[in-house]
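Okay, query-v4.pdb now, which holds PDB, C-alpha atoms, pLDDT in the B column:
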ATOM      1  CA  MET L1311     -60.801 150.644 220.379  1.00 52.00           C
ATOM      2  CA  LEU L1312     -60.825 147.928 217.685  1.00 59.00           C
ATOM      3  CA  SER L1313     -62.044 149.195 214.316  1.00 58.00           C
ATOM      4  CA  SER L1314     -64.991 147.329 212.821  1.00 64.00           C
ATOM      5  CA  ALA L1315     -63.335 147.475 209.383  1.00 79.00           C
ATOM      6  CA  ILE L1316     -60.571 145.032 208.567  1.00 88.00           C
ATOM      7  CA  HIS L1317     -57.524 146.099 206.572  1.00 94.00           C
ATOM      8  CA  PRO L1318     -57.629 144.559 203.070  1.00 95.00           C
ATOM      9  CA  ALA L1319     -54.279 142.840 203.688  1.00 96.00           C
ATOM     10  CA  LEU L1320     -55.887 140.772 206.460  1.00 97.00           C
ATOM     11  CA  GLU L1321     -58.968 139.602 204.585  1.00 97.00           C
ATOM     12  CA  GLY L1322     -59.113 135.800 204.618  1.00 97.00           C
ATOM     13  CA  ILE L1323     -55.914 135.589 206.682  1.00 98.00           C
ATOM     14  CA  ARG L1324     -55.736 133.132 209.604  1.00 98.00           C
ATOM     15  CA  LEU L1325     -51.995 133.359 210.363  1.00 98.00           C
ATOM     16  CA  VAL L1326     -49.768 136.452 210.266  1.00 98.00           C
ATOM     17  CA  VAL L1327     -46.034 135.760 210.433  1.00 98.00           C
ATOM     18  CA  PHE L1328     -43.776 138.661 211.381  1.00 98.00           C
ATOM     19  CA  ASP L1329     -40.094 139.254 210.850  1.00 98.00           C
ATOM     20  CA  LEU L1330     -38.388 140.694 213.939  1.00 98.00           C
ATOM     21  CA  ASP L1331     -35.419 143.002 213.298  1.00 96.00           C
ATOM     22  CA  GLY L1332     -36.373 146.030 211.229  1.00 96.00           C
ATOM     23  CA  THR L1333     -40.062 145.091 211.270  1.00 98.00           C
ATOM     24  CA  LEU L1334     -41.143 144.941 214.907  1.00 98.00           C
ATOM     25  CA  ILE L1335     -38.011 146.267 216.603  1.00 98.00           C
ATOM     26  CA  ASP L1336     -35.047 148.515 215.889  1.00 98.00           C
ATOM     27  CA  SER L1337     -32.244 146.320 217.211  1.00 97.00           C
ATOM     28  CA  VAL L1338     -29.330 147.904 215.338  1.00 97.00           C
ATOM     29  CA  PRO L1339     -27.934 149.902 218.292  1.00 97.00           C
ATOM     30  CA  ASP L1340     -27.404 146.723 220.342  1.00 97.00           C
ATOM     31  CA  LEU L1341     -26.176 144.726 217.333  1.00 97.00           C
ATOM     32  CA  ALA L1342     -23.677 147.462 216.474  1.00 98.00           C
ATOM     33  CA  ALA L1343     -22.404 147.580 220.052  1.00 98.00           C
ATOM     34  CA  ALA L1344     -21.790 143.810 219.936  1.00 98.00           C
ATOM     35  CA  VAL L1345     -20.098 143.979 216.530  1.00 98.00           C
ATOM     36  CA  ASP L1346     -17.793 146.777 217.657  1.00 98.00           C
ATOM     37  CA  GLY L1347     -17.047 144.937 220.887  1.00 98.00           C
ATOM     38  CA  ALA L1348     -16.013 141.847 218.948  1.00 97.00           C
ATOM     39  CA  LEU L1349     -13.819 143.874 216.591  1.00 97.00           C
ATOM     40  CA  ARG L1350     -12.100 145.572 219.529  1.00 97.00           C
ATOM     41  CA  GLU L1351     -11.273 142.155 220.999  1.00 96.00           C
ATOM     42  CA  LEU L1352      -9.499 141.251 217.771  1.00 95.00           C
ATOM     43  CA  GLY L1353      -7.622 144.548 217.699  1.00 96.00           C
ATOM     44  CA  LEU L1354      -9.619 145.757 214.717  1.00 96.00           C
ATOM     45  CA  PRO L1355     -11.260 149.157 214.123  1.00 96.00           C
ATOM     46  CA  GLU L1356     -14.924 149.635 214.970  1.00 97.00           C
ATOM     47  CA  VAL L1357     -17.468 150.049 212.160  1.00 97.00           C
ATOM     48  CA  GLY L1358     -20.259 151.932 213.938  1.00 96.00           C
ATOM     49  CA  GLU L1359     -24.036 151.858 213.938  1.00 96.00           C
ATOM     50  CA  ALA L1360     -24.624 153.398 210.504  1.00 94.00           C
ATOM     51  CA  ALA L1361     -22.644 150.661 208.745  1.00 95.00           C
ATOM     52  CA  VAL L1362     -24.297 147.855 210.704  1.00 96.00           C
ATOM     53  CA  ARG L1363     -27.729 149.206 209.778  1.00 94.00           C
ATOM     54  CA  GLY L1364     -27.022 148.282 206.167  1.00 91.00           C
ATOM     55  CA  TRP L1365     -25.749 144.775 206.969  1.00 93.00           C
ATOM     56  CA  VAL L1366     -28.558 143.298 209.086  1.00 92.00           C
ATOM     57  CA  GLY L1367     -30.934 140.660 207.766  1.00 85.00           C
ATOM     58  CA  ASN L1368     -29.018 137.508 206.883  1.00 86.00           C
ATOM     59  CA  GLY L1369     -28.154 136.201 210.329  1.00 88.00           C
ATOM     60  CA  SER L1370     -25.376 136.970 212.797  1.00 93.00           C
ATOM     61  CA  GLY L1371     -22.671 135.060 210.929  1.00 93.00           C
ATOM     62  CA  LYS L1372     -23.176 137.102 207.778  1.00 93.00           C
ATOM     63  CA  LEU L1373     -23.326 140.319 209.804  1.00 95.00           C
ATOM     64  CA  VAL L1374     -19.914 139.612 211.358  1.00 96.00           C
ATOM     65  CA  GLU L1375     -18.503 138.533 207.994  1.00 96.00           C
ATOM     66  CA  ARG L1376     -19.546 141.871 206.469  1.00 96.00           C
ATOM     67  CA  ALA L1377     -17.943 143.758 209.344  1.00 97.00           C
ATOM     68  CA  LEU L1378     -14.651 141.883 208.903  1.00 96.00           C
ATOM     69  CA  TYR L1379     -14.678 142.554 205.180  1.00 95.00           C
ATOM     70  CA  ALA L1380     -15.277 146.252 205.808  1.00 96.00           C
ATOM     71  CA  VAL L1381     -12.173 146.552 207.992  1.00 96.00           C
ATOM     72  CA  GLY L1382     -10.021 144.423 205.694  1.00 94.00           C
ATOM     73  CA  ALA L1383      -9.710 141.457 208.046  1.00 94.00           C
ATOM     74  CA  GLN L1384      -9.054 137.887 206.935  1.00 84.00           C
ATOM     75  CA  ASP L1385     -11.769 135.228 206.619  1.00 82.00           C
ATOM     76  CA  THR L1386      -9.749 133.100 209.027  1.00 87.00           C
ATOM     77  CA  GLU L1387     -10.873 135.434 211.828  1.00 92.00           C
ATOM     78  CA  LEU L1388     -14.580 134.826 211.214  1.00 95.00           C
ATOM     79  CA  ASP L1389     -15.105 132.067 213.794  1.00 95.00           C
ATOM     80  CA  ALA L1390     -13.362 134.009 216.565  1.00 96.00           C
ATOM     81  CA  ALA L1391     -15.148 137.228 215.650  1.00 97.00           C
ATOM     82  CA  HIS L1392     -18.563 135.555 215.519  1.00 96.00           C
ATOM     83  CA  GLU L1393     -17.998 133.900 218.889  1.00 97.00           C
ATOM     84  CA  ALA L1394     -16.992 137.251 220.382  1.00 97.00           C
ATOM     85  CA  PHE L1395     -20.022 138.938 218.820  1.00 97.00           C
ATOM     86  CA  LEU L1396     -22.403 136.364 220.308  1.00 96.00           C
ATOM     87  CA  ARG L1397     -20.810 136.792 223.726  1.00 97.00           C
ATOM     88  CA  HIS L1398     -21.153 140.578 223.637  1.00 97.00           C
ATOM     89  CA  TYR L1399     -24.704 140.437 222.287  1.00 96.00           C
ATOM     90  CA  ARG L1400     -25.750 137.847 224.869  1.00 96.00           C
ATOM     91  CA  GLN L1401     -24.663 140.248 227.619  1.00 96.00           C
ATOM     92  CA  ALA L1402     -26.877 143.104 226.359  1.00 95.00           C
ATOM     93  CA  PRO L1403     -29.366 142.094 223.629  1.00 96.00           C
ATOM     94  CA  CYS L1404     -32.004 144.614 224.648  1.00 96.00           C
ATOM     95  CA  ARG L1405     -30.297 147.609 226.248  1.00 97.00           C
ATOM     96  CA  LEU L1406     -30.934 150.029 223.366  1.00 97.00           C
ATOM     97  CA  THR L1407     -33.425 148.081 221.240  1.00 98.00           C
ATOM     98  CA  GLN L1408     -36.855 149.686 220.828  1.00 97.00           C
ATOM     99  CA  VAL L1409     -40.255 148.645 219.468  1.00 98.00           C
ATOM    100  CA  TYR L1410     -41.319 150.599 216.383  1.00 98.00           C
ATOM    101  CA  PRO L1411     -44.391 152.866 216.674  1.00 97.00           C
ATOM    102  CA  GLY L1412     -47.669 151.108 215.915  1.00 97.00           C
ATOM    103  CA  VAL L1413     -46.336 147.604 216.516  1.00 98.00           C
ATOM    104  CA  ARG L1414     -47.958 146.906 219.879  1.00 98.00           C
ATOM    105  CA  GLU L1415     -51.290 148.255 218.685  1.00 97.00           C
ATOM    106  CA  ALA L1416     -51.135 146.093 215.543  1.00 98.00           C
ATOM    107  CA  LEU L1417     -50.249 142.898 217.429  1.00 98.00           C
ATOM    108  CA  GLU L1418     -53.017 143.535 219.934  1.00 97.00           C
ATOM    109  CA  ALA L1419     -55.644 144.310 217.292  1.00 96.00           C
ATOM    110  CA  ILE L1420     -54.794 141.419 214.963  1.00 97.00           C
ATOM    111  CA  GLY L1421     -54.750 138.954 217.830  1.00 97.00           C
ATOM    112  CA  ALA L1422     -58.076 140.298 219.094  1.00 96.00           C
ATOM    113  CA  ARG L1423     -59.629 139.314 215.765  1.00 95.00           C
ATOM    114  CA  GLY L1424     -58.732 135.682 216.430  1.00 96.00           C
ATOM    115  CA  VAL L1425     -55.853 135.641 213.946  1.00 98.00           C
ATOM    116  CA  THR L1426     -52.842 133.550 215.010  1.00 98.00           C
ATOM    117  CA  LEU L1427     -49.480 135.358 215.157  1.00 98.00           C
ATOM    118  CA  GLY L1428     -46.081 133.807 214.483  1.00 98.00           C
ATOM    119  CA  LEU L1429     -42.516 135.088 214.313  1.00 98.00           C
ATOM    120  CA  ILE L1430     -39.712 134.055 211.955  1.00 98.00           C
ATOM    121  CA  THR L1431     -36.317 135.708 212.184  1.00 97.00           C
ATOM    122  CA  ASN L1432     -32.813 134.936 210.930  1.00 94.00           C
ATOM    123  CA  LYS L1433     -31.565 135.936 214.405  1.00 93.00           C
ATOM    124  CA  PRO L1434     -30.230 132.964 216.449  1.00 92.00           C
ATOM    125  CA  THR L1435     -32.978 131.266 218.458  1.00 96.00           C
ATOM    126  CA  ALA L1436     -31.290 131.888 221.816  1.00 95.00           C
ATOM    127  CA  PHE L1437     -31.885 135.632 221.566  1.00 96.00           C
ATOM    128  CA  ILE L1438     -35.564 135.610 220.627  1.00 97.00           C
ATOM    129  CA  ALA L1439     -37.198 134.872 223.992  1.00 97.00           C
ATOM    130  CA  PRO L1440     -35.025 137.266 226.065  1.00 96.00           C
ATOM    131  CA  ILE L1441     -35.630 140.156 223.660  1.00 98.00           C
ATOM    132  CA  LEU L1442     -39.375 139.555 223.373  1.00 98.00           C
ATOM    133  CA  LYS L1443     -39.661 139.291 227.163  1.00 97.00           C
ATOM    134  CA  CYS L1444     -37.605 142.449 227.706  1.00 97.00           C
ATOM    135  CA  LEU L1445     -39.902 144.385 225.361  1.00 98.00           C
ATOM    136  CA  GLY L1446     -43.140 142.822 226.629  1.00 98.00           C
ATOM    137  CA  LEU L1447     -43.968 141.155 223.305  1.00 98.00           C
ATOM    138  CA  GLU L1448     -43.601 137.485 224.225  1.00 96.00           C
ATOM    139  CA  HIS L1449     -47.297 136.753 224.808  1.00 97.00           C
ATOM    140  CA  TYR L1450     -48.426 137.669 221.296  1.00 98.00           C
ATOM    141  CA  PHE L1451     -46.869 134.787 219.366  1.00 98.00           C
ATOM    142  CA  ALA L1452     -48.127 131.211 219.135  1.00 98.00           C
ATOM    143  CA  LEU L1453     -44.762 130.090 217.736  1.00 98.00           C
ATOM    144  CA  THR L1454     -41.343 131.636 217.050  1.00 98.00           C
ATOM    145  CA  LEU L1455     -38.569 130.358 214.803  1.00 98.00           C
ATOM    146  CA  GLY L1456     -34.929 131.455 214.759  1.00 97.00           C
ATOM    147  CA  GLY L1457     -32.457 131.353 211.919  1.00 94.00           C
ATOM    148  CA  ASP L1458     -30.680 128.302 213.315  1.00 95.00           C
ATOM    149  CA  ALA L1459     -33.855 126.270 213.958  1.00 96.00           C
ATOM    150  CA  LEU L1460     -33.866 124.602 210.532  1.00 96.00           C
ATOM    151  CA  SER L1461     -31.226 123.802 207.933  1.00 96.00           C
ATOM    152  CA  THR L1462     -32.306 126.804 205.832  1.00 96.00           C
ATOM    153  CA  ARG L1463     -33.423 130.346 206.595  1.00 95.00           C
ATOM    154  CA  LYS L1464     -35.206 133.186 204.817  1.00 97.00           C
ATOM    155  CA  PRO L1465     -35.344 133.844 201.858  1.00 96.00           C
ATOM    156  CA  ASP L1466     -35.848 130.072 201.642  1.00 98.00           C
ATOM    157  CA  PRO L1467     -39.570 129.407 202.157  1.00 98.00           C
ATOM    158  CA  ALA L1468     -38.975 126.354 204.387  1.00 98.00           C
ATOM    159  CA  PRO L1469     -39.267 128.215 207.741  1.00 98.00           C
ATOM    160  CA  LEU L1470     -42.570 129.777 206.668  1.00 98.00           C
ATOM    161  CA  LEU L1471     -43.990 126.485 205.461  1.00 98.00           C
ATOM    162  CA  HIS L1472     -42.793 124.777 208.645  1.00 98.00           C
ATOM    163  CA  LEU L1473     -44.594 127.312 210.829  1.00 98.00           C
ATOM    164  CA  ALA L1474     -47.787 127.136 208.772  1.00 98.00           C
ATOM    165  CA  ASP L1475     -47.735 123.349 208.976  1.00 98.00           C
ATOM    166  CA  ARG L1476     -47.154 123.371 212.748  1.00 98.00           C
ATOM    167  CA  LEU L1477     -50.068 125.761 213.222  1.00 98.00           C
ATOM    168  CA  GLU L1478     -52.222 123.896 210.678  1.00 98.00           C
ATOM    169  CA  VAL L1479     -52.925 126.862 208.408  1.00 98.00           C
ATOM    170  CA  ALA L1480     -52.833 126.659 204.608  1.00 98.00           C
ATOM    171  CA  PRO L1481     -50.227 128.968 203.012  1.00 98.00           C
ATOM    172  CA  SER L1482     -52.994 130.734 201.076  1.00 98.00           C
ATOM    173  CA  ALA L1483     -54.417 131.908 204.424  1.00 98.00           C
ATOM    174  CA  CYS L1484     -51.060 133.235 205.686  1.00 98.00           C
ATOM    175  CA  LEU L1485     -49.486 136.699 205.544  1.00 98.00           C
ATOM    176  CA  MET L1486     -45.739 137.338 205.783  1.00 98.00           C
ATOM    177  CA  VAL L1487     -44.870 140.772 207.221  1.00 98.00           C
ATOM    178  CA  GLY L1488     -41.320 142.058 206.877  1.00 98.00           C
ATOM    179  CA  ASP L1489     -38.966 144.866 205.969  1.00 97.00           C
ATOM    180  CA  SER L1490     -36.668 143.288 203.379  1.00 96.00           C
ATOM    181  CA  ARG L1491     -36.507 141.573 200.027  1.00 96.00           C
ATOM    182  CA  HIS L1492     -35.733 138.328 201.869  1.00 96.00           C
ATOM    183  CA  ASP L1493     -39.077 138.466 203.674  1.00 98.00           C
ATOM    184  CA  VAL L1494     -40.955 139.224 200.471  1.00 98.00           C
ATOM    185  CA  GLU L1495     -39.167 136.475 198.538  1.00 98.00           C
ATOM    186  CA  ALA L1496     -39.690 133.905 201.292  1.00 98.00           C
ATOM    187  CA  GLY L1497     -43.371 134.784 201.529  1.00 98.00           C
ATOM    188  CA  ARG L1498     -43.906 134.656 197.790  1.00 98.00           C
ATOM    189  CA  ARG L1499     -42.118 131.300 197.434  1.00 98.00           C
ATOM    190  CA  ALA L1500     -44.135 129.858 200.326  1.00 98.00           C
ATOM    191  CA  GLY L1501     -47.442 130.907 198.766  1.00 98.00           C
ATOM    192  CA  PHE L1502     -48.110 133.515 201.487  1.00 98.00           C
ATOM    193  CA  ARG L1503     -49.544 136.957 200.915  1.00 98.00           C
ATOM    194  CA  THR L1504     -46.790 139.517 201.558  1.00 98.00           C
ATOM    195  CA  LEU L1505     -46.758 142.889 203.334  1.00 98.00           C
ATOM    196  CA  ALA L1506     -43.737 145.146 203.774  1.00 98.00           C
ATOM    197  CA  VAL L1507     -42.793 148.205 205.805  1.00 98.00           C
ATOM    198  CA  PRO L1508     -40.320 150.768 204.412  1.00 97.00           C
ATOM    199  CA  TYR L1509     -38.485 151.780 207.592  1.00 96.00           C
ATOM    200  CA  GLY L1510     -36.403 148.677 208.303  1.00 94.00           C
ATOM    201  CA  TYR L1511     -33.193 147.107 207.049  1.00 93.00           C
ATOM    202  CA  ASN L1512     -33.033 146.241 203.356  1.00 91.00           C
ATOM    203  CA  HIS L1513     -29.364 146.800 202.527  1.00 86.00           C
ATOM    204  CA  GLY L1514     -29.995 150.353 201.377  1.00 86.00           C
ATOM    205  CA  GLU L1515     -32.604 149.368 198.798  1.00 92.00           C
ATOM    206  CA  PRO L1516     -36.303 150.336 198.856  1.00 95.00           C
ATOM    207  CA  VAL L1517     -38.286 147.226 199.790  1.00 97.00           C
ATOM    208  CA  ALA L1518     -41.037 148.375 197.424  1.00 97.00           C
ATOM    209  CA  ALA L1519     -38.754 147.264 194.564  1.00 97.00           C
ATOM    210  CA  SER L1520     -39.406 143.663 195.664  1.00 97.00           C
ATOM    211  CA  GLU L1521     -43.094 144.217 194.877  1.00 98.00           C
ATOM    212  CA  PRO L1522     -44.813 142.956 198.029  1.00 98.00           C
ATOM    213  CA  ASP L1523     -48.561 142.516 197.770  1.00 98.00           C
ATOM    214  CA  VAL L1524     -49.113 145.359 200.251  1.00 98.00           C
ATOM    215  CA  MET L1525     -47.009 148.246 201.588  1.00 98.00           C
ATOM    216  CA  VAL L1526     -47.828 150.181 204.767  1.00 98.00           C
ATOM    217  CA  GLU L1527     -45.882 153.051 206.308  1.00 97.00           C
ATOM    218  CA  SER L1528     -46.568 151.727 209.811  1.00 97.00           C
ATOM    219  CA  LEU L1529     -48.000 148.498 211.192  1.00 98.00           C
ATOM    220  CA  GLY L1530     -50.416 150.755 213.048  1.00 96.00           C
ATOM    221  CA  GLU L1531     -52.325 150.988 209.751  1.00 96.00           C
ATOM    222  CA  LEU L1532     -53.478 147.397 210.310  1.00 96.00           C
ATOM    223  CA  VAL L1533     -55.417 148.310 213.436  1.00 92.00           C
TER     224      VAL L1533
END

As structure tokens - that is how I would like this structure written.
Amino acid sequence: MLSSAIHPALEGIRLVVFDLDGTLIDSVPDLAAAVDGALRELGLPEVGEAAVRGWVGNGSGKLVERALYAVGAQDTELDAAHEAFLRHYRQAPCRLTQVYPGVREALEAIGARGVTLGLITNKPTAFIAPILKCLGLEHYFALTLGGDALSTRKPDPAPLLHLADRLEVAPSACLMVGDSRHDVEAGRRAGFRTLAVPYGYNHGEPVAASEPDVMVESLGELV
């Protein structure tokens, strides 16, 4: 049942833009499997899920670069490793990925209030639709934007401003929801209100240190 009271973070908000990995979904198990698969192809040691959890957030190229650095590989192997990673991830992008508790309820409740929902991720565009469809989340978002859709990505504010412009909502009426300092910085620079969750991927740092406008333990608090 939809509460009659609105969460203070949503007051005056017409567009809520969500990050994907670490905010709506825990995708690290599938990302780690693809990273390790790529490393095996190159005859390199695997890095494992725990390491990958600290490297997510800046796009797939940076993720693979961090993995190569961790195993002492040369930069010259980056293109081959990234290509192998994409191939492995394309084969199973949603085998182990799960939606965080409270996410479905929050998306449903916010949308029911007539607020438009968008999605901006640094993940390559090609993976967004298959993952959202696999998890049954595809119908919530008016627009989605991947990390390769524009010439810049978060923490640059350009993707956020692009989405707000496409959906004809002023930045002052937009809320950026994420799990990392990149989401908070992008939202702040775009003139969005910012909200962060503490359970995602922020390179081992507490996202509260980035001073978002609002912190919630679970997106279910927005219901």

Checklist line | Selection under test: the PyMOL selection byres ((chain L and resi 1402-1405) around 7); residues as a PyMOL selection string | finding: chain L and resi 1340+1398-1401+1406-1407+1441+1444

Would you write out those residues with C-alpha atoms, as a tab-separated table (two decimals), keeping the file's coordinate frame?
chain	number	residue	atom	x	y	z
L	1340	ASP	CA	-27.40	146.72	220.34
L	1398	HIS	CA	-21.15	140.58	223.64
L	1399	TYR	CA	-24.70	140.44	222.29
L	1400	ARG	CA	-25.75	137.85	224.87
L	1401	GLN	CA	-24.66	140.25	227.62
L	1406	LEU	CA	-30.93	150.03	223.37
L	1407	THR	CA	-33.42	148.08	221.24
L	1441	ILE	CA	-35.63	140.16	223.66
L	1444	CYS	CA	-37.60	142.45	227.71

Next item on the list: Name all residues at most 6 Å from Leu1485 of chain L (count only C-alpha atoms; drop same-chain ones fewer than 5 positions away) and give them as a VMD selection string.
Entry: chain L and resid 1326 1502 to 1504

If you take every atom of segment 1445-1448 of chain L that the file lists and fit an axis-aligned box around them with 5 Å extra on each side, what centre and edge lengths come out in Å to one decimal, as JSON?
{"center_x": -41.9, "center_y": 140.9, "center_z": 225.0, "size_x": 14.1, "size_y": 16.9, "size_z": 13.3}

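When only C-alpha atoms are used to measure the gap to Leu1477 of chain L, the shortest distance among L:Pro1434, L:Gly1358, L:Gly1428, L:Gly1510 belongs to L:Gly1428.
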
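One finds atom CA of Phe1395 of chain L at 10.4 Å from atom CA of Arg1350 of chain L.
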
Margin query: With the PyMOL selection byres ((chain L and resi 1315-1324) around 8) as the selection, what would be picked from this file? Answer as a PyMOL selection string, please.
Written below: chain L and resi 1313-1314+1325-1326+1424-1426+1479+1482-1485+1505+1524+1531-1533

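If you look at atom CA of Val1409 of chain L and atom CA of Leu1460 of chain L, they are 26.4 Å away from each other.
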
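For the atom pair formed by atom CA of Ile1335 of chain L and atom CA of Glu1356 of chain L, the distance is 23.4 Å, given to one decimal.
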
Checklist line | Picked residues, the PyMOL selection byres ((chain L and resi 1362) around 8), expected as a ChimeraX atom specification | finding: /L:1338,1341-1342,1357-1361,1363-1366,1373,1377

Item checked: Pro1355 of chain L environment, 10 Å, all atoms listed in the file, sequence neighbours closer than 6 positions dropped, as a PyMOL selection string -> chain L and resi 1346-1349+1377-1378+1380-1383

The selected residues should be written to file as a CSV table (one decimal), in the coordinates of the input (atoms: C-alpha atoms).
chain,number,residue,atom,x,y,z
L,1346,ASP,CA,-17.8,146.8,217.7
L,1347,GLY,CA,-17.0,144.9,220.9
L,1348,ALA,CA,-16.0,141.8,218.9
L,1349,LEU,CA,-13.8,143.9,216.6
L,1377,ALA,CA,-17.9,143.8,209.3
L,1378,LEU,CA,-14.7,141.9,208.9
L,1380,ALA,CA,-15.3,146.3,205.8
L,1381,VAL,CA,-12.2,146.6,208.0
L,1382,GLY,CA,-10.0,144.4,205.7
L,1383,ALA,CA,-9.7,141.5,208.0

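With all atoms listed in the file as the basis for measurement, L:Leu1334 is the residue among L:Ile1420, L:Ala1496, L:Leu1334, L:Ala1391 that approaches Gln1408 of chain L most closely.
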
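Of the listed residues L:Arg1498, L:Arg1376, L:Lys1433, L:His1392, the one whose atoms come nearest to Ala1468 of chain L is L:Arg1498, with distances taken using only C-alpha atoms.
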
Notebook entry, point to check: Counting all atoms listed in the file, what is within 8 Å of Leu1470 of chain L, bar same-chain residues fewer than 6 positions away, as number ranges by chain?
Noted result: L: 1327, 1430, 1496-1497, 1500

Export, as a PDB file, in the frame of the given file, the selected residues with C-alpha atoms.
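Saved file out_0.pdb follows:
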ATOM      1  CA  VAL L1327     -46.034 135.760 210.433  1.00 98.00           C
ATOM      2  CA  ILE L1430     -39.712 134.055 211.955  1.00 98.00           C
ATOM      3  CA  ALA L1496     -39.690 133.905 201.292  1.00 98.00           C
ATOM      4  CA  GLY L1497     -43.371 134.784 201.529  1.00 98.00           C
ATOM      5  CA  ALA L1500     -44.135 129.858 200.326  1.00 98.00           C
TER       6      ALA L1500
END

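Minimum atom-to-atom distance to Leu1427 of chain L, evaluated using only C-alpha atoms, belongs to L:Asp1329 out of L:Asp1329, L:Val1517, L:Asp1389, L:Ala1344.
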